[in-house]
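Everything below belongs to upload-v2.cif, which stores mmCIF, C-alpha atoms.
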```cif
data_target
loop_
_atom_site.label_atom_id
_atom_site.label_comp_id
_atom_site.auth_asym_id
_atom_site.auth_seq_id
_atom_site.Cartn_x
_atom_site.Cartn_y
_atom_site.Cartn_z
CA MET A 7 12.85 38.53 8.68
CA THR A 8 9.20 37.60 9.33
CA THR A 9 8.24 38.69 5.81
CA SER A 10 10.95 36.50 4.29
CA VAL A 11 9.79 33.43 6.23
CA SER A 12 6.15 34.01 5.31
CA ARG A 13 7.05 34.34 1.64
CA ARG A 14 8.94 31.05 1.72
CA THR A 15 5.93 29.39 3.40
CA ALA A 16 3.56 30.87 0.83
CA ARG A 17 5.61 29.35 -1.98
CA ILE A 18 4.83 25.83 -0.70
CA HIS A 19 1.85 24.61 -2.66
CA PRO A 20 -0.90 23.24 -0.36
CA ALA A 21 -0.74 19.95 -2.27
CA TRP A 22 2.54 19.22 -0.51
CA TRP A 23 0.95 19.67 2.92
CA VAL A 24 -1.85 17.27 1.95
CA ALA A 25 0.73 14.77 0.69
CA ALA A 26 2.68 15.09 3.96
CA VAL A 27 -0.28 14.36 6.24
CA THR A 28 -1.39 11.53 3.95
CA PHE A 29 2.10 10.06 4.29
CA LEU A 30 1.83 10.23 8.09
CA ALA A 31 -1.62 8.61 8.07
CA LEU A 32 -0.35 5.76 5.92
CA VAL A 33 2.66 5.24 8.18
CA GLY A 34 0.44 5.27 11.29
CA ALA A 35 -1.94 2.73 9.81
CA ALA A 36 1.00 0.64 8.64
CA ALA A 37 1.81 -0.34 12.22
CA PHE A 38 -1.11 -2.79 12.05
CA ARG A 39 0.33 -4.47 8.98
CA ALA A 40 3.52 -5.25 10.91
CA VAL A 41 1.93 -7.24 13.72
CA PRO A 42 0.81 -10.61 12.21
CA GLY A 43 4.24 -11.84 11.12
CA VAL A 44 5.75 -11.14 14.54
CA LEU A 45 2.89 -12.60 16.56
CA ILE A 46 2.40 -15.97 14.82
CA ASP A 47 4.82 -17.75 17.16
CA PRO A 48 3.61 -16.03 20.40
CA LEU A 49 -0.02 -16.86 19.57
CA ARG A 50 0.89 -20.46 18.83
CA ALA A 51 2.72 -20.68 22.15
CA GLU A 52 -0.09 -19.17 24.24
CA PHE A 53 -3.21 -20.59 22.61
CA GLY A 54 -1.91 -23.66 20.81
CA TRP A 55 -3.35 -22.51 17.47
CA SER A 56 -1.83 -23.91 14.27
CA VAL A 57 -0.07 -21.77 11.69
CA SER A 58 -3.00 -22.43 9.34
CA THR A 59 -5.52 -21.10 11.90
CA ILE A 60 -3.57 -17.89 12.51
CA SER A 61 -2.88 -17.54 8.77
CA ALA A 62 -6.63 -17.72 8.13
CA ALA A 63 -7.15 -14.57 10.21
CA VAL A 64 -4.28 -12.88 8.38
CA ALA A 65 -5.83 -13.95 5.05
CA VAL A 66 -9.21 -12.43 5.95
CA ASN A 67 -7.42 -9.23 6.96
CA MET A 68 -5.54 -9.02 3.68
CA ALA A 69 -8.56 -9.86 1.54
CA LEU A 70 -10.71 -7.17 3.19
CA TYR A 71 -7.79 -4.75 3.06
CA GLY A 72 -7.98 -5.01 -0.70
CA LEU A 73 -11.72 -5.50 -1.28
CA THR A 74 -12.50 -2.41 0.80
CA ALA A 75 -10.29 -0.21 -1.37
CA PRO A 76 -12.64 0.48 -4.32
CA PHE A 77 -15.54 1.24 -1.98
CA ALA A 78 -13.28 3.48 0.11
CA ALA A 79 -12.31 5.41 -3.02
CA ALA A 80 -16.00 5.89 -3.81
CA LEU A 81 -16.71 6.93 -0.20
CA MET A 82 -13.96 9.54 -0.48
CA GLU A 83 -15.71 10.92 -3.53
CA ARG A 84 -19.02 11.05 -1.66
CA PHE A 85 -18.03 12.15 1.86
CA GLY A 86 -14.50 13.48 1.51
CA ILE A 87 -11.04 12.15 2.25
CA ARG A 88 -10.78 13.50 5.80
CA ARG A 89 -13.96 11.87 7.15
CA VAL A 90 -13.16 8.50 5.65
CA VAL A 91 -9.56 8.44 6.92
CA VAL A 92 -10.49 9.53 10.46
CA GLY A 93 -13.22 6.87 10.64
CA ALA A 94 -10.84 4.23 9.29
CA LEU A 95 -8.15 5.04 11.85
CA LEU A 96 -10.66 4.80 14.71
CA LEU A 97 -12.06 1.47 13.49
CA THR A 98 -8.56 0.04 13.12
CA ALA A 99 -7.52 1.18 16.58
CA LEU A 100 -10.68 -0.36 18.08
CA GLY A 101 -10.09 -3.71 16.38
CA SER A 102 -6.47 -3.86 17.50
CA GLY A 103 -7.13 -2.74 21.06
CA LEU A 104 -9.83 -5.36 21.67
CA THR A 105 -7.52 -8.24 20.72
CA VAL A 106 -5.96 -8.12 24.20
CA PHE A 107 -9.21 -9.63 25.55
CA MET A 108 -9.56 -12.48 23.02
CA THR A 109 -9.59 -16.11 24.12
CA ALA A 110 -10.64 -17.96 20.93
CA SER A 111 -9.41 -18.05 17.34
CA TRP A 112 -12.73 -16.78 15.93
CA GLN A 113 -12.16 -13.57 17.89
CA LEU A 114 -8.80 -13.15 16.16
CA VAL A 115 -10.57 -13.52 12.81
CA LEU A 116 -13.28 -11.03 13.84
CA LEU A 117 -10.92 -8.36 15.22
CA TRP A 118 -7.74 -8.66 13.17
CA GLY A 119 -9.46 -10.15 10.16
CA PHE A 120 -12.59 -8.03 9.80
CA ALA A 121 -12.25 -4.85 11.90
CA VAL A 122 -8.58 -4.13 11.19
CA GLY A 123 -8.95 -5.34 7.60
CA LEU A 124 -11.84 -2.94 6.90
CA GLY A 125 -10.12 -0.05 8.66
CA THR A 126 -6.74 -0.36 7.00
CA GLY A 127 -8.39 -1.13 3.67
CA SER A 128 -10.05 2.28 3.77
CA MET A 129 -6.57 3.81 3.84
CA ALA A 130 -5.07 1.50 1.24
CA LEU A 131 -3.56 2.53 -2.08
CA SER A 132 -6.90 3.94 -3.19
CA LEU A 133 -6.08 6.83 -0.83
CA VAL A 134 -2.81 7.33 -2.73
CA ALA A 135 -4.68 7.29 -6.04
CA THR A 136 -7.31 9.74 -4.78
CA VAL A 137 -4.83 12.23 -3.28
CA THR A 138 -2.50 12.23 -6.27
CA GLY A 139 -5.41 12.40 -8.71
CA ARG A 140 -7.04 15.39 -6.99
CA TRP A 141 -4.04 17.41 -5.87
CA PHE A 142 -1.34 16.75 -8.47
CA VAL A 143 -1.05 17.08 -12.22
CA ALA A 144 2.71 17.49 -12.27
CA ARG A 145 4.89 14.98 -10.37
CA ARG A 146 2.11 12.42 -9.95
CA GLY A 147 4.48 9.51 -10.44
CA LEU A 148 6.97 10.82 -7.91
CA VAL A 149 4.32 11.58 -5.28
CA SER A 150 2.57 8.23 -5.76
CA GLY A 151 5.95 6.58 -5.18
CA ILE A 152 6.57 8.56 -1.99
CA LEU A 153 3.11 7.88 -0.56
CA THR A 154 3.25 4.21 -1.47
CA ALA A 155 6.62 3.98 0.26
CA GLY A 156 5.01 5.49 3.37
CA GLY A 157 2.42 2.77 3.63
CA ALA A 158 4.62 -0.15 2.66
CA THR A 159 7.69 0.99 4.55
CA GLY A 160 5.89 1.86 7.75
CA GLN A 161 4.66 -1.68 8.24
CA LEU A 162 8.17 -3.04 7.83
CA VAL A 163 9.96 -0.43 9.92
CA PHE A 164 7.55 -1.14 12.77
CA LEU A 165 8.56 -4.82 12.74
CA PRO A 166 11.63 -4.66 15.01
CA VAL A 167 9.73 -2.39 17.42
CA VAL A 168 6.78 -4.76 17.58
CA ALA A 169 9.11 -7.76 17.90
CA ALA A 170 11.05 -6.11 20.73
CA VAL A 171 7.86 -5.15 22.59
CA ALA A 172 6.46 -8.66 22.13
CA GLN A 173 9.55 -10.02 23.95
CA THR A 174 8.83 -7.90 27.05
CA SER A 175 6.69 -8.87 30.03
CA GLY A 176 3.64 -7.42 28.26
CA GLY A 177 4.13 -9.81 25.35
CA TRP A 178 2.01 -9.62 22.23
CA ARG A 179 -0.71 -7.66 24.07
CA ALA A 180 1.67 -4.75 24.67
CA ALA A 181 2.61 -4.80 20.98
CA SER A 182 -1.05 -4.74 19.96
CA LEU A 183 -1.82 -1.81 22.26
CA GLY A 184 1.25 0.03 20.96
CA THR A 185 0.01 -0.14 17.38
CA THR A 186 -3.38 1.10 18.58
CA ALA A 187 -1.71 4.15 20.11
CA ALA A 188 0.20 4.80 16.86
CA ALA A 189 -3.04 5.03 14.87
CA LEU A 190 -4.79 7.22 17.43
CA ALA A 191 -1.84 9.63 17.44
CA VAL A 192 -2.39 10.35 13.74
CA VAL A 193 -6.11 11.17 14.06
CA PRO A 194 -5.66 14.82 15.24
CA LEU A 195 -3.23 15.55 12.39
CA VAL A 196 -5.63 14.18 9.79
CA ALA A 197 -8.57 16.12 11.22
CA TRP A 198 -6.52 19.33 11.29
CA LEU A 199 -4.49 19.28 8.06
CA LEU A 200 -6.07 16.91 5.52
CA ARG A 201 -8.25 18.68 2.96
CA ASP A 202 -10.42 17.12 0.30
CA ARG A 203 -9.82 19.29 -2.74
CA PRO A 204 -7.63 22.20 -3.88
CA ARG A 205 -10.69 24.44 -4.14
CA ASP A 206 -11.19 24.04 -0.38
CA VAL A 207 -8.10 26.18 0.21
CA GLY A 208 -8.47 28.47 -2.81
CA ALA A 209 -5.87 26.65 -4.92
CA VAL A 210 -5.65 24.43 -7.98
CA PRO A 211 -3.88 21.08 -8.42
CA LEU A 212 -0.10 21.33 -8.53
CA GLY A 213 0.92 21.87 -12.13
CA GLY A 214 -2.70 22.15 -13.29
CA THR A 215 -5.56 24.59 -13.60
CA ALA A 216 -8.98 25.03 -12.05
CA ALA A 217 -10.40 22.76 -14.78
CA ASP A 218 -8.36 19.86 -13.36
CA ASP A 219 -10.18 20.13 -10.02
CA VAL A 220 -13.24 18.20 -11.20
CA ASP A 221 -16.51 18.08 -9.28
CA PRO A 222 -16.89 15.15 -6.87
CA VAL A 223 -19.14 12.22 -7.75
CA ARG A 224 -22.41 12.40 -5.79
CA THR A 225 -23.79 8.94 -6.49
CA GLY A 226 -23.78 6.19 -3.90
CA ALA A 227 -20.39 4.79 -2.97
CA ALA A 228 -21.35 1.17 -3.68
CA ARG A 229 -22.90 2.12 -7.02
CA THR A 230 -19.80 4.09 -8.02
CA ALA A 231 -17.48 1.25 -7.07
CA LEU A 232 -19.51 -1.44 -8.82
CA ARG A 233 -20.01 0.71 -11.91
CA GLY A 234 -16.24 1.24 -12.06
CA LEU A 235 -15.72 -2.53 -11.91
CA ALA A 236 -18.37 -3.21 -14.54
CA GLU A 237 -16.85 -0.74 -16.98
CA ALA A 238 -13.25 -1.76 -16.31
CA SER A 239 -13.99 -5.49 -16.60
CA ARG A 240 -14.79 -5.00 -20.28
CA SER A 241 -11.20 -3.90 -20.84
CA ARG A 242 -8.30 -6.31 -21.44
CA PRO A 243 -5.74 -4.05 -19.70
CA PHE A 244 -7.79 -4.24 -16.49
CA TRP A 245 -7.53 -8.02 -16.34
CA LEU A 246 -3.83 -7.99 -17.14
CA LEU A 247 -3.15 -5.39 -14.45
CA ALA A 248 -5.33 -7.23 -11.94
CA ALA A 249 -3.61 -10.56 -12.63
CA GLY A 250 -0.18 -9.00 -12.29
CA PHE A 251 -1.12 -7.28 -9.06
CA PHE A 252 -2.63 -10.52 -7.70
CA ILE A 253 0.82 -12.06 -8.07
CA CYS A 254 2.48 -8.94 -6.68
CA GLY A 255 0.45 -9.26 -3.48
CA ALA A 256 1.07 -12.99 -3.21
CA SER A 257 4.85 -12.53 -3.46
CA THR A 258 5.13 -9.66 -0.95
CA ASN A 259 2.37 -8.96 1.60
CA GLY A 260 0.97 -12.47 1.41
CA LEU A 261 4.10 -14.60 1.64
CA VAL A 262 7.19 -12.64 2.67
CA GLN A 263 5.60 -10.29 5.17
CA PRO A 264 3.80 -12.82 7.45
CA HIS A 265 5.93 -15.91 6.80
CA PHE A 266 9.53 -14.69 6.44
CA ILE A 267 10.03 -14.44 10.21
CA PRO A 268 8.59 -17.90 11.03
CA ALA A 269 10.56 -19.39 8.12
CA ALA A 270 13.79 -17.84 9.35
CA HIS A 271 13.02 -19.00 12.88
CA ASP A 272 12.52 -22.56 11.56
CA HIS A 273 16.19 -22.43 10.51
CA GLY A 274 17.40 -21.18 13.88
CA MET A 275 17.45 -17.43 13.30
CA PRO A 276 16.25 -15.32 16.29
CA VAL A 277 12.88 -13.62 15.78
CA THR A 278 14.30 -10.17 16.49
CA THR A 279 17.03 -10.69 13.86
CA ALA A 280 14.48 -11.76 11.24
CA ALA A 281 12.25 -8.81 12.12
CA THR A 282 15.21 -6.46 11.74
CA LEU A 283 15.89 -7.89 8.28
CA LEU A 284 12.31 -7.11 7.23
CA ALA A 285 12.78 -3.60 8.64
CA VAL A 286 15.80 -3.23 6.34
CA VAL A 287 13.49 -4.22 3.48
CA GLY A 288 11.36 -1.24 4.53
CA VAL A 289 14.31 1.14 4.52
CA PHE A 290 15.33 0.20 0.99
CA ASP A 291 11.70 0.17 -0.08
CA ILE A 292 11.66 3.95 0.37
CA ALA A 293 14.46 4.42 -2.15
CA GLY A 294 13.10 1.80 -4.55
CA THR A 295 9.53 3.08 -4.63
CA VAL A 296 10.44 6.76 -4.89
CA PHE A 297 12.92 5.98 -7.67
CA SER A 298 10.26 3.87 -9.38
CA GLY A 299 7.90 6.85 -9.25
CA TRP A 300 10.58 9.03 -10.83
CA LEU A 301 11.18 6.41 -13.54
CA THR A 302 7.45 6.08 -14.21
CA ASP A 303 7.35 9.72 -15.33
CA ARG A 304 10.07 8.92 -17.89
CA VAL A 305 10.01 5.22 -18.89
CA ASP A 306 7.35 2.94 -20.38
CA PRO A 307 5.53 1.53 -17.29
CA ARG A 308 5.21 -1.88 -18.95
CA VAL A 309 8.98 -2.20 -19.23
CA LEU A 310 9.34 -1.31 -15.58
CA LEU A 311 6.82 -3.98 -14.55
CA LEU A 312 8.57 -6.57 -16.73
CA ALA A 313 11.87 -5.87 -14.96
CA TYR A 314 10.39 -5.71 -11.45
CA TYR A 315 8.44 -8.96 -11.63
CA ALA A 316 11.12 -10.96 -13.44
CA LEU A 317 13.88 -9.97 -11.02
CA ARG A 318 11.61 -10.65 -8.03
CA GLY A 319 10.85 -14.12 -9.34
CA PHE A 320 14.51 -15.04 -9.78
CA SER A 321 15.31 -13.77 -6.28
CA LEU A 322 12.62 -15.99 -4.71
CA PHE A 323 14.11 -19.07 -6.41
CA LEU A 324 17.39 -18.24 -4.66
CA LEU A 325 15.92 -17.60 -1.19
CA PRO A 326 15.50 -21.06 0.48
CA PRO A 327 19.22 -21.91 0.67
CA LEU A 328 19.93 -18.51 2.26
CA PHE A 329 18.11 -19.29 5.53
CA GLY A 330 20.23 -20.33 8.50
CA PRO A 331 20.98 -19.52 12.14
CA ASP A 332 23.72 -17.08 11.16
CA LEU A 333 23.37 -13.97 9.03
CA HIS A 334 25.37 -14.11 5.80
CA VAL A 335 26.13 -11.52 3.13
CA SER A 336 23.98 -13.40 0.61
CA MET A 337 20.87 -12.98 2.80
CA ILE A 338 21.62 -9.28 3.25
CA ALA A 339 21.91 -8.94 -0.53
CA PHE A 340 18.49 -10.58 -0.95
CA ILE A 341 16.97 -8.25 1.65
CA VAL A 342 18.39 -5.15 -0.04
CA PHE A 343 17.14 -6.21 -3.46
CA TYR A 344 13.70 -7.22 -2.21
CA GLY A 345 13.41 -3.89 -0.45
CA LEU A 346 14.13 -1.99 -3.65
CA ASP A 347 11.56 -4.10 -5.51
CA TRP A 348 8.89 -4.48 -2.75
CA VAL A 349 6.24 -2.05 -4.02
CA ALA A 350 8.12 -0.52 -6.92
CA THR A 351 5.32 -2.01 -9.04
CA VAL A 352 2.75 0.47 -7.71
CA PRO A 353 3.69 3.71 -9.57
CA PRO A 354 3.78 2.08 -13.05
CA THR A 355 0.58 0.14 -12.35
CA LEU A 356 -1.17 3.32 -11.22
CA ALA A 357 0.14 5.15 -14.30
CA LEU A 358 -1.33 2.48 -16.59
CA CYS A 359 -4.66 2.74 -14.75
CA ARG A 360 -4.73 6.49 -15.34
CA GLU A 361 -3.77 6.01 -18.97
CA HIS A 362 -6.58 3.55 -19.69
CA PHE A 363 -9.35 4.69 -17.32
CA GLY A 364 -8.91 8.45 -16.89
CA ALA A 365 -11.07 10.08 -14.20
CA ARG A 366 -12.25 6.69 -12.93
CA ALA A 367 -8.67 5.57 -12.27
CA PRO A 368 -8.87 5.79 -8.42
CA VAL A 369 -11.89 3.46 -8.29
CA VAL A 370 -10.51 1.13 -10.96
CA PHE A 371 -7.15 1.05 -9.23
CA GLY A 372 -9.04 0.18 -6.07
CA TRP A 373 -10.26 -2.98 -7.79
CA VAL A 374 -6.80 -3.73 -9.16
CA PHE A 375 -5.48 -3.33 -5.62
CA ALA A 376 -8.28 -5.61 -4.40
CA SER A 377 -6.81 -8.33 -6.61
CA HIS A 378 -3.43 -7.58 -5.01
CA GLN A 379 -4.86 -8.31 -1.58
CA VAL A 380 -6.80 -11.37 -2.70
CA GLY A 381 -3.43 -12.67 -3.89
CA SER A 382 -1.97 -11.69 -0.51
CA ALA A 383 -4.72 -13.58 1.29
CA ALA A 384 -4.25 -16.69 -0.86
CA ALA A 385 -0.50 -16.71 -0.24
CA ALA A 386 -0.84 -15.95 3.48
CA PHE A 387 -3.16 -18.92 3.98
CA GLY A 388 -1.42 -21.13 1.43
CA GLY A 389 1.97 -20.51 2.98
CA GLY A 390 0.66 -21.61 6.36
CA VAL A 391 -0.87 -24.78 4.90
CA ILE A 392 2.36 -25.64 3.06
CA ARG A 393 4.32 -25.18 6.29
CA ASP A 394 1.92 -27.39 8.28
CA VAL A 395 1.79 -30.13 5.62
CA THR A 396 5.44 -30.29 4.49
CA GLY A 397 7.20 -28.85 7.53
CA SER A 398 8.94 -26.27 5.32
CA TYR A 399 8.18 -23.11 3.35
CA ASP A 400 10.37 -24.07 0.37
CA LEU A 401 7.50 -24.93 -2.00
CA ALA A 402 5.86 -21.59 -1.22
CA TRP A 403 8.98 -19.64 -2.22
CA PHE A 404 9.43 -21.59 -5.46
CA GLY A 405 5.76 -21.27 -6.39
CA ALA A 406 5.79 -17.51 -5.81
CA GLY A 407 8.91 -17.17 -7.95
CA ALA A 408 7.23 -18.94 -10.87
CA LEU A 409 4.16 -16.74 -10.57
CA CYS A 410 6.32 -13.60 -10.70
CA LEU A 411 7.73 -14.69 -14.07
CA LEU A 412 4.14 -15.07 -15.29
CA ALA A 413 3.33 -11.55 -14.04
CA ALA A 414 6.27 -10.17 -16.02
CA ALA A 415 4.88 -11.68 -19.22
CA LEU A 416 1.35 -10.42 -18.53
CA SER A 417 2.51 -6.88 -17.81
CA VAL A 418 4.61 -6.40 -20.92
CA SER A 419 1.67 -7.59 -23.07
CA ILE A 420 -0.51 -4.59 -22.08
CA ARG A 421 -1.05 -2.29 -25.04
CA ARG A 422 -0.33 1.39 -24.63
CA ARG A 423 -3.15 3.84 -25.24
CA PRO A 424 -2.31 6.68 -27.66
CA ALA A 425 -1.90 10.00 -25.90
CA PRO A 426 -4.64 12.56 -26.64
CA PRO A 427 -3.67 15.44 -28.95
CA ALA A 428 -2.14 18.38 -27.20
CA ARG A 429 -4.53 21.22 -26.36
CA PRO A 430 -3.90 24.55 -28.12
CA PRO A 431 -2.27 27.15 -25.90
CA ALA A 432 -4.75 29.16 -23.88
CA VAL A 433 -5.39 32.78 -24.74
CA PRO A 434 -3.70 34.97 -22.10
CA THR A 435 -6.17 36.45 -19.64
CA GLU A 436 -6.02 38.54 -16.52
CA PRO A 437 -4.42 36.54 -13.71
CA THR A 438 -6.79 35.20 -11.06
CA THR A 439 -6.24 34.02 -7.54
CA ALA A 440 -6.59 30.38 -8.59
CA SER A 441 -4.17 30.62 -11.50
CA ALA A 442 -1.66 32.50 -9.39
CA ALA A 443 -1.66 29.57 -6.99
CA THR A 444 -0.07 27.34 -9.63
CA THR A 445 3.17 29.29 -9.31
CA HIS A 446 3.49 28.28 -5.67
CA GLY A 447 5.04 24.89 -6.47
#
```
Using structure tokens, write down the structure that the file contains.
Amino acid sequence: MTTSVSRRTARIHPAWWVAAVTFLALVGAAAFRAVPGVLIDPLRAEFGWSVSTISAAVAVNMALYGLTAPFAAALMERFGIRRVVVGALLLTALGSGLTVFMTASWQLVLLWGFAVGLGTGSMALSLVATVTGRWFVARRGLVSGILTAGGATGQLVFLPVVAAVAQTSGGWRAASLGTTAAALAVVPLVAWLLRDRPRDVGAVPLGGTAADDVDPVRTGAARTALRGLAEASRSRPFWLLAAGFFICGASTNGLVQPHFIPAAHDHGMPVTTAATLLAVVGVFDIAGTVFSGWLTDRVDPRVLLLAYYALRGFSLFLLPPLFGPDLHVSMIAFIVFYGLDWVATVPPTLALCREHFGARAPVVFGWVFASHQVGSAAAAFGGGVIRDVTGSYDLAWFGAGALCLLAAALSVSIRRRPAPPARPPAVPTEPTTASAATTHG
């Protein structure tokens, strides 16, 4: 009996354990991404701050969340995944916990904008790119979809919890402390289970060989990140991917995530109901992103991006009339679709980065993701300004829809890079410990 269990455990490739703890870290950090949309109204009520003022802090958070990513990828190359993720979780928890003492808007910008932005940015999609690039050769698309779903879904699933806690006697402070506890709970798991490279546990990447476990880059993190940007910026596909992802961020994290709840509340919908709808987006996001990862291994990524962006744009044109005090089937249909499409763009975008930039893909994707978050920041702030100036979010929804159609055209115009010629079959040799590990998939 014991022997049978141990054999089944041994057949699980260590890459899956690394993917599992990475998923948990992304979900834990995602709690912080759920808070701003829920707390806009409570902060306005307590401090009298305008939507634009609060949106400015959210914009700083989102911009740093993205701009940190390429440097975080380089830091992971220099110091290892585990150290960077543990440090990021602690910084994020500190920034969130200290918000309970704030009394001025600049403190919100400092804590939620800078501290939480830097911390969560160090665990952004560059972590997904680094883990999948180091630990997986087979099933990269599928795993990138699963891990992306963990980060994006966690922030949305936390929404009804944060909204419910914010309605208690503790208010928004209790919600902020709760997200702090969620991040701290993940730290021991990361320190215990997360490993930097397959060689650290005597294995090779899943579906690969020892040659696929390349040596880490030992240059400075800033130099590595900036060199990756300098080289990628000479490539047309980089700018097309960055522009598309800018629009992706503007139409999801930047506009829908922080402003959907206030927009719904403007039309009489209870905050908890609107938060629950965004949580449903998170539930369907799991299926959509994982399925997108599966499709990315089989379908031209450009075609996938064309479909995702175009359908997202049309759905945003249809959104404004759906708001109201009562929940209708048409709004539920929008929520289900938007959930399926929320971050389905990530696996094909990451696949195109790998295709065009090879070993530098994690750092380059970090810069592409930085453009995603700059777009998020622009939409987060712009949405607040539109609401303050016009009294409605309608122009923001229509503008985002038009941009998504532009992103569809940009994505399909990316040229594919010819695949390298297949390597001749290797001459059979005596099995080694490392090669034997590839059978444990």
task: Expand the PyMOL selection byres ((chain A and resi 53-59) around 7) into the individual residues it matches in the shown file, reporting them as a PyMOL selection string.
output: chain A and resi 49-52+60-63+387+390-391+394
query: Looking at all atoms listed in the file, which of A:Val41, A:Ala384, A:Met129, A:Cys254 is the one that sits closest to A:Leu411?
result: A:Cys254
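Using all atoms listed in the file, the nearest neighbour of A:Thr154 within the list A:Gly372, A:Gly381, A:Gly125, A:Gly299 is A:Gly299.
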Polymer residues at most 7 Å from stretch 404-410 of chain A, only C-alpha atoms, same-chain spacing of 2 or more positions, as a list of chain:residue names: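 Selected residues are A:Ile253, A:Ser257, A:Tyr315, A:Ala316, A:Arg318, A:Gly319, A:Phe320, A:Leu322, A:Phe323, A:Asp400, A:Leu401, A:Ala402, A:Leu412, A:Ala413, A:Ala414.
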Next, the residues of the selection above should be written as a short mmCIF file (atom, residue, chain, number, x, y, z; two decimals), in the coordinates of the input with C-alpha atoms.
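What ended up in again-v2.cif:
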```cif
data_model
loop_
_atom_site.label_atom_id
_atom_site.label_comp_id
_atom_site.auth_asym_id
_atom_site.auth_seq_id
_atom_site.Cartn_x
_atom_site.Cartn_y
_atom_site.Cartn_z
CA ILE A 253 0.82 -12.06 -8.07
CA SER A 257 4.85 -12.53 -3.46
CA TYR A 315 8.44 -8.96 -11.63
CA ALA A 316 11.12 -10.96 -13.44
CA ARG A 318 11.61 -10.65 -8.03
CA GLY A 319 10.85 -14.12 -9.34
CA PHE A 320 14.51 -15.04 -9.78
CA LEU A 322 12.62 -15.99 -4.71
CA PHE A 323 14.11 -19.07 -6.41
CA ASP A 400 10.37 -24.07 0.37
CA LEU A 401 7.50 -24.93 -2.00
CA ALA A 402 5.86 -21.59 -1.22
CA LEU A 412 4.14 -15.07 -15.29
CA ALA A 413 3.33 -11.55 -14.04
CA ALA A 414 6.27 -10.17 -16.02
#
```
message: For a quick check of understanding, using only C-alpha atoms, which of A:Arg201, A:Arg233, A:His362, A:Arg146 has the smallest distance to A:Val91?
response: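 For A:Val91, the nearest of the given residues is A:Arg201.
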field: Straight-line distance linking atom CA of A:Gly147 with atom CA of A:Leu301, stated in Å to one decimal
entry: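 Atom CA of A:Leu301 lies at a distance of 8.0 Å from atom CA of A:Gly147.
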task: Identify all residues satisfying the PyMOL selection byres ((chain A and resi 149) around 8) in the given file; provide them as a list in words.
output: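 For this structure, the PyMOL selection byres ((chain A and resi 149) around 8) resolves to Ala25, Thr138, Arg145, Arg146, Gly147, Leu148, Ser150, Gly151, Ile152, Leu153, Val296 and Gly299 of chain A.
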query: Selected by the PyMOL selection byres ((chain A and resi 32) around 8) in the shown coordinates: which residues, as a list in words?
result: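 When the PyMOL selection byres ((chain A and resi 32) around 8) is applied to the shown file, the picked residues are Thr28, Phe29, Leu30, Ala31, Val33, Gly34, Ala35, Ala36, Met129, Ala130, Leu153, Gly156, Gly157 and Gly160 of chain A.
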May I have the residues from that selection written out with C-alpha atoms, as a PDB file, in the frame of the given file?
```
ATOM      1  CA  THR A  28      -1.390  11.530   3.950  1.00  0.00           C
ATOM      2  CA  PHE A  29       2.100  10.060   4.290  1.00  0.00           C
ATOM      3  CA  LEU A  30       1.830  10.230   8.090  1.00  0.00           C
ATOM      4  CA  ALA A  31      -1.620   8.610   8.070  1.00  0.00           C
ATOM      5  CA  VAL A  33       2.660   5.240   8.180  1.00  0.00           C
ATOM      6  CA  GLY A  34       0.440   5.270  11.290  1.00  0.00           C
ATOM      7  CA  ALA A  35      -1.940   2.730   9.810  1.00  0.00           C
ATOM      8  CA  ALA A  36       1.000   0.640   8.640  1.00  0.00           C
ATOM      9  CA  MET A 129      -6.570   3.810   3.840  1.00  0.00           C
ATOM     10  CA  ALA A 130      -5.070   1.500   1.240  1.00  0.00           C
ATOM     11  CA  LEU A 153       3.110   7.880  -0.560  1.00  0.00           C
ATOM     12  CA  GLY A 156       5.010   5.490   3.370  1.00  0.00           C
ATOM     13  CA  GLY A 157       2.420   2.770   3.630  1.00  0.00           C
ATOM     14  CA  GLY A 160       5.890   1.860   7.750  1.00  0.00           C
TER      15      GLY A 160
END
```
message: Just to confirm, what's the straight-line distance from atom CA of A:Leu133 to atom CA of A:Ala79 in Å (one decimal)?
response: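 Straight-line distance from atom CA of A:Leu133 to atom CA of A:Ala79 works out to 6.8 Å.
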- request: Within 9 Å of A:Thr126, counting only C-alpha atoms, which residues show up once you throw out same-chain ones fewer than 4 positions away? Write them as a ChimeraX atom specification, please.
  value: /A:32,35-36,38-39,67,70-71,74,94-95,97-98,121-122,130
task: Compile the contact shell of A:Arg179 as number ranges by chain: residues with an atom at most 12 Å away, counting only C-alpha atoms, same-chain residues fewer than 2 positions apart removed.
output: A: 41, 45, 48-49, 52, 102-108, 168-169, 171-177, 181-186
query: So which one's closest to A:Thr258, A:Tyr344, A:Trp118, A:Phe244, A:Trp141? Using all atoms listed in the file, please.
result: A:Tyr344
